[in-house]
>>> print(open('final_21.txt').read())   # compact mmCIF, C-alpha atoms
# COMPACT_ATOMS: atom_id res chain seq x y z
CA MET A 6 -25.86 -33.17 -34.14
CA SER A 7 -23.44 -30.27 -33.95
CA GLN A 8 -24.30 -26.80 -35.19
CA PRO A 9 -23.80 -26.15 -38.91
CA THR A 10 -20.27 -25.10 -39.76
CA THR A 11 -19.38 -22.44 -42.28
CA ALA A 12 -16.22 -22.58 -44.35
CA SER A 13 -13.65 -19.93 -43.62
CA SER A 14 -13.50 -16.84 -45.80
CA ARG A 15 -10.54 -15.14 -47.44
CA PRO A 16 -10.19 -11.39 -47.97
CA ALA A 17 -12.53 -9.94 -50.58
CA GLU A 18 -11.39 -10.71 -54.12
CA THR A 19 -10.72 -8.21 -56.86
CA LEU A 20 -12.03 -9.88 -59.99
CA PRO A 21 -11.56 -8.68 -63.58
CA ALA A 22 -14.11 -5.95 -64.26
CA ASP A 23 -15.31 -7.15 -67.66
CA PRO A 24 -14.76 -9.89 -70.26
CA ASP A 25 -11.89 -8.00 -71.89
CA ALA A 26 -10.07 -7.67 -68.57
CA LEU A 27 -10.60 -11.35 -67.85
CA ALA A 28 -9.35 -12.29 -71.32
CA ALA A 29 -6.19 -10.27 -70.71
CA ALA A 30 -5.69 -11.88 -67.31
CA LEU A 31 -6.16 -15.35 -68.80
CA GLN A 32 -3.70 -14.57 -71.58
CA ALA A 33 -1.14 -13.63 -68.93
CA THR A 34 -1.40 -17.21 -67.63
CA GLY A 35 -0.85 -18.63 -71.13
CA TYR A 36 -4.53 -19.34 -71.88
CA LEU A 37 -5.89 -17.54 -74.95
CA PRO A 38 -9.72 -17.47 -74.89
CA ASP A 39 -11.90 -16.18 -77.69
CA GLU A 40 -14.45 -13.44 -77.01
CA GLY A 41 -17.35 -15.81 -76.38
CA LEU A 42 -15.47 -17.94 -73.86
CA ALA A 43 -14.12 -14.91 -72.00
CA THR A 44 -17.65 -13.55 -71.74
CA ALA A 45 -19.07 -16.83 -70.45
CA ALA A 46 -16.30 -17.14 -67.84
CA HIS A 47 -16.76 -13.53 -66.72
CA LEU A 48 -20.51 -14.03 -66.29
CA ALA A 49 -19.94 -17.23 -64.29
CA LEU A 50 -17.70 -15.28 -61.90
CA ALA A 51 -19.94 -12.22 -61.70
CA MET A 52 -23.23 -14.12 -61.35
CA GLY A 53 -21.95 -16.96 -59.19
CA ARG A 54 -23.26 -19.54 -61.65
CA PRO A 55 -21.62 -22.84 -62.63
CA LEU A 56 -20.06 -22.86 -66.09
CA PHE A 57 -20.82 -25.89 -68.27
CA LEU A 58 -18.23 -26.36 -71.01
CA GLU A 59 -18.91 -28.83 -73.78
CA GLY A 60 -16.82 -29.76 -76.79
CA GLU A 61 -14.43 -32.31 -78.21
CA ALA A 62 -11.53 -33.54 -76.14
CA GLY A 63 -8.49 -31.30 -76.24
CA VAL A 64 -10.13 -27.94 -76.92
CA GLY A 65 -9.10 -26.40 -73.59
CA LYS A 66 -12.02 -27.03 -71.23
CA THR A 67 -9.99 -28.36 -68.31
CA ALA A 68 -7.19 -25.87 -68.92
CA LEU A 69 -9.65 -23.00 -68.51
CA ALA A 70 -10.47 -24.07 -64.95
CA HIS A 71 -6.76 -24.10 -64.08
CA ALA A 72 -6.30 -20.67 -65.66
CA LEU A 73 -9.31 -19.24 -63.78
CA ALA A 74 -7.87 -20.54 -60.51
CA GLU A 75 -4.59 -18.80 -61.29
CA VAL A 76 -6.30 -15.53 -62.26
CA THR A 77 -8.50 -15.44 -59.15
CA GLY A 78 -5.86 -16.78 -56.77
CA ARG A 79 -8.29 -19.46 -55.61
CA PRO A 80 -7.32 -23.04 -54.81
CA MET A 81 -8.64 -25.52 -57.35
CA TYR A 82 -10.15 -28.92 -56.60
CA ARG A 83 -10.73 -31.41 -59.39
CA LEU A 84 -13.23 -34.23 -59.43
CA GLN A 85 -12.53 -36.64 -62.29
CA CYS A 86 -15.78 -38.37 -63.20
CA TYR A 87 -16.05 -41.98 -64.32
CA GLU A 88 -18.69 -44.66 -64.68
CA GLY A 89 -19.83 -45.91 -61.30
CA LEU A 90 -18.71 -42.79 -59.40
CA GLU A 91 -20.71 -42.50 -56.17
CA ALA A 92 -21.48 -39.44 -54.09
CA SER A 93 -19.48 -40.76 -51.15
CA GLN A 94 -16.36 -41.01 -53.32
CA ALA A 95 -16.74 -37.36 -54.29
CA LEU A 96 -17.69 -36.02 -50.84
CA TYR A 97 -15.83 -37.63 -47.96
CA ASP A 98 -14.87 -40.86 -46.28
CA TRP A 99 -13.80 -41.86 -42.80
CA ASP A 100 -10.18 -42.81 -42.24
CA PHE A 101 -10.80 -46.27 -40.79
CA GLY A 102 -7.09 -46.92 -40.31
CA ARG A 103 -6.65 -43.89 -38.08
CA GLN A 104 -9.88 -44.66 -36.24
CA LEU A 105 -8.59 -48.14 -35.47
CA LEU A 106 -5.29 -46.74 -34.20
CA HIS A 107 -7.29 -44.33 -32.01
CA LEU A 108 -9.21 -47.25 -30.52
CA ARG A 109 -6.05 -49.19 -29.82
CA ALA A 110 -4.40 -46.16 -28.25
CA ALA A 111 -7.46 -45.66 -26.02
CA GLU A 112 -7.34 -49.31 -24.98
CA ALA A 113 -3.63 -49.08 -24.22
CA ALA A 114 -4.25 -45.99 -22.10
CA GLY A 115 -7.08 -47.70 -20.28
CA SER A 116 -9.59 -45.01 -21.27
CA THR A 117 -12.30 -47.27 -22.70
CA GLY A 118 -14.74 -46.86 -19.81
CA ASP A 119 -17.02 -44.27 -21.39
CA VAL A 120 -18.11 -46.11 -24.51
CA GLN A 121 -20.27 -43.30 -25.85
CA GLN A 122 -17.51 -40.78 -25.51
CA LEU A 123 -15.08 -43.15 -27.21
CA GLU A 124 -17.47 -43.73 -30.10
CA ALA A 125 -18.05 -40.00 -30.48
CA GLY A 126 -14.32 -39.46 -30.62
CA LEU A 127 -14.06 -41.80 -33.57
CA TYR A 128 -16.10 -39.37 -35.66
CA ASP A 129 -14.04 -36.31 -34.96
CA ARG A 130 -13.18 -34.03 -37.93
CA ARG A 131 -9.55 -35.16 -37.78
CA PHE A 132 -10.61 -38.63 -38.95
CA LEU A 133 -12.57 -37.30 -41.94
CA LEU A 134 -11.01 -37.63 -45.38
CA ALA A 135 -12.38 -34.77 -47.45
CA ARG A 136 -12.88 -35.47 -51.16
CA PRO A 137 -12.96 -32.74 -53.84
CA LEU A 138 -16.56 -31.58 -53.32
CA LEU A 139 -16.19 -31.14 -49.57
CA GLN A 140 -12.73 -29.60 -49.98
CA ALA A 141 -14.10 -26.98 -52.38
CA LEU A 142 -16.82 -25.98 -49.93
CA GLU A 143 -14.54 -25.86 -46.90
CA ASP A 144 -11.75 -23.93 -48.63
CA ALA A 145 -13.89 -21.05 -49.87
CA PRO A 146 -13.70 -19.29 -52.19
CA SER A 147 -12.35 -21.92 -54.55
CA VAL A 148 -12.57 -23.27 -58.08
CA LEU A 149 -14.26 -26.67 -58.39
CA LEU A 150 -13.60 -28.57 -61.61
CA ILE A 151 -16.04 -31.42 -62.28
CA ASP A 152 -14.28 -33.01 -65.23
CA GLU A 153 -16.01 -35.16 -67.86
CA ILE A 154 -19.42 -35.24 -66.18
CA ASP A 155 -20.69 -37.14 -69.22
CA ARG A 156 -18.78 -40.20 -67.96
CA ALA A 157 -20.69 -40.32 -64.66
CA ASP A 158 -24.02 -42.07 -64.14
CA ASP A 159 -27.48 -40.51 -63.97
CA GLU A 160 -27.57 -41.03 -60.20
CA PHE A 161 -24.48 -38.87 -59.71
CA GLU A 162 -25.95 -36.16 -61.92
CA ALA A 163 -29.04 -36.12 -59.70
CA PHE A 164 -26.85 -35.70 -56.64
CA LEU A 165 -25.04 -32.76 -58.25
CA LEU A 166 -28.35 -31.00 -58.85
CA GLU A 167 -28.88 -30.79 -55.11
CA LEU A 168 -25.31 -29.76 -54.36
CA LEU A 169 -25.30 -26.97 -56.96
CA SER A 170 -28.55 -25.54 -55.64
CA ASP A 171 -27.33 -24.55 -52.16
CA PHE A 172 -23.65 -25.61 -51.88
CA THR A 173 -24.14 -27.40 -48.59
CA ILE A 174 -23.12 -30.88 -47.50
CA SER A 175 -24.64 -32.69 -44.55
CA ILE A 176 -22.35 -34.96 -42.56
CA PRO A 177 -24.56 -36.91 -40.12
CA GLU A 178 -21.85 -37.28 -37.49
CA LEU A 179 -20.65 -33.66 -37.63
CA GLY A 180 -23.36 -31.39 -38.99
CA THR A 181 -23.67 -29.27 -42.11
CA VAL A 182 -20.85 -27.69 -44.07
CA ARG A 183 -21.86 -24.60 -46.00
CA ALA A 184 -19.55 -22.63 -48.25
CA SER A 185 -19.27 -19.02 -47.10
CA THR A 186 -18.69 -18.17 -50.76
CA PRO A 187 -19.94 -20.61 -53.41
CA PRO A 188 -17.09 -22.07 -55.44
CA LEU A 189 -16.69 -21.23 -59.10
CA VAL A 190 -17.84 -24.53 -60.57
CA VAL A 191 -16.61 -25.56 -64.01
CA LEU A 192 -18.21 -28.68 -65.46
CA THR A 193 -16.80 -30.23 -68.62
CA SER A 194 -18.25 -32.74 -71.05
CA ASN A 195 -16.84 -34.38 -74.18
CA ARG A 196 -20.44 -35.23 -75.13
CA THR A 197 -19.98 -38.98 -75.07
CA ARG A 198 -23.60 -38.87 -73.92
CA GLU A 199 -26.18 -36.15 -73.38
CA VAL A 200 -26.21 -34.58 -69.93
CA HIS A 201 -29.67 -33.99 -68.47
CA ASP A 202 -31.30 -30.63 -69.13
CA ALA A 203 -31.98 -30.13 -65.42
CA LEU A 204 -28.23 -29.95 -64.76
CA LYS A 205 -27.55 -27.68 -67.72
CA ARG A 206 -30.30 -25.29 -66.64
CA ARG A 207 -28.37 -24.57 -63.44
CA CYS A 208 -25.34 -23.53 -65.45
CA LEU A 209 -24.15 -21.03 -67.98
CA TYR A 210 -23.37 -23.00 -71.15
CA HIS A 211 -20.60 -22.62 -73.69
CA TRP A 212 -19.57 -24.87 -76.57
CA LEU A 213 -15.81 -24.85 -77.23
CA GLU A 214 -14.59 -25.23 -80.79
CA HIS A 215 -11.07 -25.97 -81.84
CA PRO A 216 -9.23 -22.65 -82.21
CA ASP A 217 -9.00 -21.05 -85.61
CA PHE A 218 -5.65 -21.06 -87.37
CA GLU A 219 -4.30 -17.72 -86.14
CA ARG A 220 -5.35 -18.32 -82.54
CA GLU A 221 -3.77 -21.78 -82.52
CA VAL A 222 -0.54 -20.30 -83.85
CA ALA A 223 -0.70 -17.70 -81.07
CA ILE A 224 -1.25 -20.43 -78.47
CA LEU A 225 1.72 -22.43 -79.74
CA ARG A 226 3.94 -19.36 -79.81
CA GLN A 227 2.95 -18.29 -76.31
CA ARG A 228 3.18 -21.71 -74.71
CA LEU A 229 6.25 -22.81 -76.68
CA PRO A 230 8.35 -19.69 -77.30
CA GLU A 231 11.35 -21.82 -78.26
CA VAL A 232 9.50 -23.12 -81.35
CA THR A 233 10.05 -21.08 -84.51
CA GLU A 234 7.10 -19.17 -85.93
CA THR A 235 7.40 -21.11 -89.20
CA LEU A 236 7.19 -24.43 -87.37
CA ALA A 237 4.28 -23.23 -85.23
CA ARG A 238 2.31 -22.15 -88.29
CA GLN A 239 3.03 -25.39 -90.14
CA VAL A 240 2.05 -27.53 -87.14
CA ALA A 241 -1.17 -25.54 -86.71
CA ARG A 242 -2.01 -25.91 -90.38
CA ALA A 243 -1.25 -29.66 -90.41
CA THR A 244 -3.23 -30.20 -87.19
CA ALA A 245 -6.23 -28.41 -88.72
CA LYS A 246 -6.00 -30.72 -91.73
CA LEU A 247 -5.92 -33.75 -89.43
CA ARG A 248 -9.10 -32.54 -87.72
CA SER A 249 -10.85 -32.39 -91.08
CA LEU A 250 -10.29 -36.11 -91.57
CA ASP A 251 -12.64 -38.74 -90.21
CA LEU A 252 -10.27 -39.83 -87.45
CA LEU A 253 -11.14 -41.85 -84.35
CA LYS A 254 -9.50 -39.17 -82.17
CA PRO A 255 -8.96 -35.78 -83.83
CA PRO A 256 -6.02 -33.98 -82.21
CA GLY A 257 -6.64 -31.18 -79.75
CA ILE A 258 -4.52 -28.23 -78.73
CA ALA A 259 -2.54 -30.38 -76.29
CA GLU A 260 -1.59 -32.77 -79.09
CA ALA A 261 -0.57 -29.88 -81.33
CA MET A 262 1.73 -28.62 -78.57
CA ASP A 263 3.16 -32.11 -78.06
CA TRP A 264 3.82 -32.38 -81.79
CA ALA A 265 5.54 -29.01 -81.97
CA THR A 266 7.63 -29.90 -78.91
CA ALA A 267 8.63 -33.26 -80.39
CA LEU A 268 9.68 -31.64 -83.65
CA HIS A 269 11.64 -28.95 -81.82
CA THR A 270 13.34 -31.61 -79.68
CA LEU A 271 14.56 -33.27 -82.88
CA GLY A 272 16.00 -29.95 -84.03
CA ALA A 273 13.35 -29.21 -86.64
CA ARG A 274 12.72 -25.60 -87.56
CA GLU A 275 10.16 -26.52 -90.19
CA LEU A 276 7.67 -29.35 -90.59
CA ASP A 277 9.20 -31.48 -93.32
CA PRO A 278 7.40 -34.64 -94.52
CA GLU A 279 9.96 -37.13 -93.19
CA THR A 280 10.19 -35.71 -89.67
CA GLY A 281 6.44 -35.12 -89.57
CA ALA A 282 5.72 -38.75 -90.43
CA ARG A 283 8.20 -39.99 -87.81
CA THR A 284 6.57 -37.96 -85.05
CA LEU A 285 2.90 -38.73 -85.68
CA GLY A 286 2.81 -40.56 -82.36
CA ALA A 287 2.86 -37.18 -80.64
CA VAL A 288 -0.35 -36.06 -82.31
CA LEU A 289 -2.28 -39.25 -83.14
CA LYS A 290 -3.18 -41.88 -80.55
CA TYR A 291 -4.78 -44.68 -82.58
CA ARG A 292 -3.10 -47.04 -85.01
CA GLU A 293 -5.97 -46.70 -87.47
CA ASP A 294 -5.56 -42.93 -87.52
CA THR A 295 -1.80 -43.18 -88.00
CA ASP A 296 -2.16 -45.68 -90.85
CA ARG A 297 -4.71 -43.48 -92.59
CA VAL A 298 -2.61 -40.34 -92.33
CA ARG A 299 0.53 -42.11 -93.54
CA ALA A 300 -1.40 -43.29 -96.57
CA LEU A 301 -2.08 -39.69 -97.59
CA THR A 302 0.09 -37.91 -100.07
CA ARG A 303 2.76 -36.24 -97.99
CA GLY A 304 2.30 -32.87 -99.61
CA ALA A 305 -1.38 -32.87 -98.64
CA LEU A 306 -0.49 -32.71 -94.94
CA PHE A 307 3.05 -31.43 -94.36
CA GLY A 308 4.70 -28.21 -95.39
CA GLY A 309 3.25 -24.81 -96.06
CA SER A 310 3.67 -21.70 -93.93
>>> encode(input="final_21.txt", output="structure tokens")
Amino acid sequence: MSQPTTASSRPAETLPADPDALAAALQATGYLPDEGLATAAHLALAMGRPLFLEGEAGVGKTALAHALAEVTGRPMYRLQCYEGLEASQALYDWDFGRQLLHLRAAEAAGSTGDVQQLEAGLYDRRFLLARPLLQALEDAPSVLLIDEIDRADDEFEAFLLELLSDFTISIPELGTVRASTPPLVVLTSNRTREVHDALKRRCLYHWLEHPDFEREVAILRQRLPEVTETLARQVARATAKLRSLDLLKPPGIAEAMDWATALHTLGARELDPETGARTLGAVLKYREDTDRVRALTRGALFGGS
């Protein structure tokens, strides 16, 4: 087996000095964290610990990882979890098509005499397809987003425990890849099931709530400067009312932005009942939710500043 390889390093980073500085840097990217989230993210950077973010869909968990990558100047690699995800699908695979072409080229050149050498050549690094976990270790320092870990199986969680302990990956044919600088790992969960305590213990934990009214207005105004302040405030207020209902899928920040954008596209400067009802498809994603909201008295949802 070859000697262990170490991922290449970039020049030393200059990271925000404290949570307030990080919050300001995140705001410059368009992400508005509250004090608790800015503190958790700062500690994850300063301590080199994974950050486990839990909360309902649409509260900004995934967006934080993108914003942190922008603030730090690190490349970001995203692993989208799903049921049945295996370690090999997250780590690496061999490019069998290219290996086969290599064999055929060797045969055509008449260089198939040394079988062992030919076989060794098939497992050269150029034929390795790096998946997100390996990419994050090789391209250090980086941001590694492990999205919706609650959708993966217990076996994959167990594998992550080992990876997060030493940030090394063993490739039998090539050796060991070790990150020169551990990636900033952000794990997200919508809490469709409980994630094992052993994984959480390796992380700093933060629960994300939906933003309060004023912060959601600020997010809408910053991300959608073309939307009037009146419309932004009315959309934020209506979205908050929708979240208080027993809906199958309460709207998140992304849906609020979609709604405000849809209304603005139609030329609305305020959220009137008729236009609001016509554009519910931008904020609600289930027929049952749409039917329930349309059955409400219009004044109970739309209007207000």
>>> residues_near_point(input="final_21.txt", point="(-12.6, -35.5, -43.2)", cutoff="10 Å", atoms="all atoms listed in the file", output="PDB file with C-alpha atoms, in the frame of the given file")
ATOM      1  CA  LEU A  96     -17.690 -36.020 -50.840  1.00  0.00           C
ATOM      2  CA  TYR A  97     -15.830 -37.630 -47.960  1.00  0.00           C
ATOM      3  CA  ASP A  98     -14.870 -40.860 -46.280  1.00  0.00           C
ATOM      4  CA  TRP A  99     -13.800 -41.860 -42.800  1.00  0.00           C
ATOM      5  CA  ASP A 100     -10.180 -42.810 -42.240  1.00  0.00           C
ATOM      6  CA  TYR A 128     -16.100 -39.370 -35.660  1.00  0.00           C
ATOM      7  CA  ASP A 129     -14.040 -36.310 -34.960  1.00  0.00           C
ATOM      8  CA  ARG A 130     -13.180 -34.030 -37.930  1.00  0.00           C
ATOM      9  CA  ARG A 131      -9.550 -35.160 -37.780  1.00  0.00           C
ATOM     10  CA  PHE A 132     -10.610 -38.630 -38.950  1.00  0.00           C
ATOM     11  CA  LEU A 133     -12.570 -37.300 -41.940  1.00  0.00           C
ATOM     12  CA  LEU A 134     -11.010 -37.630 -45.380  1.00  0.00           C
ATOM     13  CA  ALA A 135     -12.380 -34.770 -47.450  1.00  0.00           C
ATOM     14  CA  ARG A 136     -12.880 -35.470 -51.160  1.00  0.00           C
ATOM     15  CA  LEU A 139     -16.190 -31.140 -49.570  1.00  0.00           C
ATOM     16  CA  GLN A 140     -12.730 -29.600 -49.980  1.00  0.00           C
ATOM     17  CA  ILE A 176     -22.350 -34.960 -42.560  1.00  0.00           C
ATOM     18  CA  LEU A 179     -20.650 -33.660 -37.630  1.00  0.00           C
TER      19      LEU A 179
END
>>> atom_distance(input="final_21.txt", atom1="CA of Leu271 (chain A)", atom2="CA of Pro216 (chain A)")
26.1 Å
>>> residues_around(input="final_21.txt", residues="region 67-70 of chain A", least_positions_apart="3", cutoff="12 Å", atoms="only C-alpha atoms", output="ChimeraX atom specification")
/A:27-28,30-32,34-39,42-43,45-47,49-50,55-64,73-85,147-154,188-195,213,258-259
>>> write_last_selection(input="final_21.txt", atoms="C-alpha atoms", output="mmCIF file, in the frame of the given file")
data_model
loop_
_atom_site.group_PDB
_atom_site.id
_atom_site.type_symbol
_atom_site.label_atom_id
_atom_site.label_comp_id
_atom_site.auth_asym_id
_atom_site.auth_seq_id
_atom_site.Cartn_x
_atom_site.Cartn_y
_atom_site.Cartn_z
ATOM 1 C CA LEU A 27 -10.600 -11.350 -67.850
ATOM 2 C CA ALA A 28 -9.350 -12.290 -71.320
ATOM 3 C CA ALA A 30 -5.690 -11.880 -67.310
ATOM 4 C CA LEU A 31 -6.160 -15.350 -68.800
ATOM 5 C CA GLN A 32 -3.700 -14.570 -71.580
ATOM 6 C CA THR A 34 -1.400 -17.210 -67.630
ATOM 7 C CA GLY A 35 -0.850 -18.630 -71.130
ATOM 8 C CA TYR A 36 -4.530 -19.340 -71.880
ATOM 9 C CA LEU A 37 -5.890 -17.540 -74.950
ATOM 10 C CA PRO A 38 -9.720 -17.470 -74.890
ATOM 11 C CA ASP A 39 -11.900 -16.180 -77.690
ATOM 12 C CA LEU A 42 -15.470 -17.940 -73.860
ATOM 13 C CA ALA A 43 -14.120 -14.910 -72.000
ATOM 14 C CA ALA A 45 -19.070 -16.830 -70.450
ATOM 15 C CA ALA A 46 -16.300 -17.140 -67.840
ATOM 16 C CA HIS A 47 -16.760 -13.530 -66.720
ATOM 17 C CA ALA A 49 -19.940 -17.230 -64.290
ATOM 18 C CA LEU A 50 -17.700 -15.280 -61.900
ATOM 19 C CA PRO A 55 -21.620 -22.840 -62.630
ATOM 20 C CA LEU A 56 -20.060 -22.860 -66.090
ATOM 21 C CA PHE A 57 -20.820 -25.890 -68.270
ATOM 22 C CA LEU A 58 -18.230 -26.360 -71.010
ATOM 23 C CA GLU A 59 -18.910 -28.830 -73.780
ATOM 24 C CA GLY A 60 -16.820 -29.760 -76.790
ATOM 25 C CA GLU A 61 -14.430 -32.310 -78.210
ATOM 26 C CA ALA A 62 -11.530 -33.540 -76.140
ATOM 27 C CA GLY A 63 -8.490 -31.300 -76.240
ATOM 28 C CA VAL A 64 -10.130 -27.940 -76.920
ATOM 29 C CA LEU A 73 -9.310 -19.240 -63.780
ATOM 30 C CA ALA A 74 -7.870 -20.540 -60.510
ATOM 31 C CA GLU A 75 -4.590 -18.800 -61.290
ATOM 32 C CA VAL A 76 -6.300 -15.530 -62.260
ATOM 33 C CA THR A 77 -8.500 -15.440 -59.150
ATOM 34 C CA GLY A 78 -5.860 -16.780 -56.770
ATOM 35 C CA ARG A 79 -8.290 -19.460 -55.610
ATOM 36 C CA PRO A 80 -7.320 -23.040 -54.810
ATOM 37 C CA MET A 81 -8.640 -25.520 -57.350
ATOM 38 C CA TYR A 82 -10.150 -28.920 -56.600
ATOM 39 C CA ARG A 83 -10.730 -31.410 -59.390
ATOM 40 C CA LEU A 84 -13.230 -34.230 -59.430
ATOM 41 C CA GLN A 85 -12.530 -36.640 -62.290
ATOM 42 C CA SER A 147 -12.350 -21.920 -54.550
ATOM 43 C CA VAL A 148 -12.570 -23.270 -58.080
ATOM 44 C CA LEU A 149 -14.260 -26.670 -58.390
ATOM 45 C CA LEU A 150 -13.600 -28.570 -61.610
ATOM 46 C CA ILE A 151 -16.040 -31.420 -62.280
ATOM 47 C CA ASP A 152 -14.280 -33.010 -65.230
ATOM 48 C CA GLU A 153 -16.010 -35.160 -67.860
ATOM 49 C CA ILE A 154 -19.420 -35.240 -66.180
ATOM 50 C CA PRO A 188 -17.090 -22.070 -55.440
ATOM 51 C CA LEU A 189 -16.690 -21.230 -59.100
ATOM 52 C CA VAL A 190 -17.840 -24.530 -60.570
ATOM 53 C CA VAL A 191 -16.610 -25.560 -64.010
ATOM 54 C CA LEU A 192 -18.210 -28.680 -65.460
ATOM 55 C CA THR A 193 -16.800 -30.230 -68.620
ATOM 56 C CA SER A 194 -18.250 -32.740 -71.050
ATOM 57 C CA ASN A 195 -16.840 -34.380 -74.180
ATOM 58 C CA LEU A 213 -15.810 -24.850 -77.230
ATOM 59 C CA ILE A 258 -4.520 -28.230 -78.730
ATOM 60 C CA ALA A 259 -2.540 -30.380 -76.290
#
>>> atom_distance(input="final_21.txt", atom1="CA of Ala243 (chain A)", atom2="CA of Val298 (chain A)")
10.9 Å
>>> atom_distance(input="final_21.txt", atom1="CA of Ala241 (chain A)", atom2="CA of Ala273 (chain A)")
15.0 Å
>>> closest_residue(input="final_21.txt", among="A:Ala245, A:Leu285, A:Cys208, A:Ala26", to="Arg299 (chain A)", atoms="all atoms listed in the file")
A:Leu285
>>> closest_residue(input="final_21.txt", among="A:Phe218, A:Asp25, A:Leu105, A:Leu165", to="Glu91 (chain A)", atoms="only C-alpha atoms")
A:Leu165
>>> closest_residue(input="final_21.txt", among="A:Ser175, A:Thr270, A:Thr19, A:Gln104", to="Glu231 (chain A)", atoms="all atoms listed in the file")
A:Thr270
>>> closest_residue(input="final_21.txt", among="A:Arg226, A:Pro255, A:Arg238, A:Lys246", to="Leu276 (chain A)", atoms="all atoms listed in the file")
A:Arg238
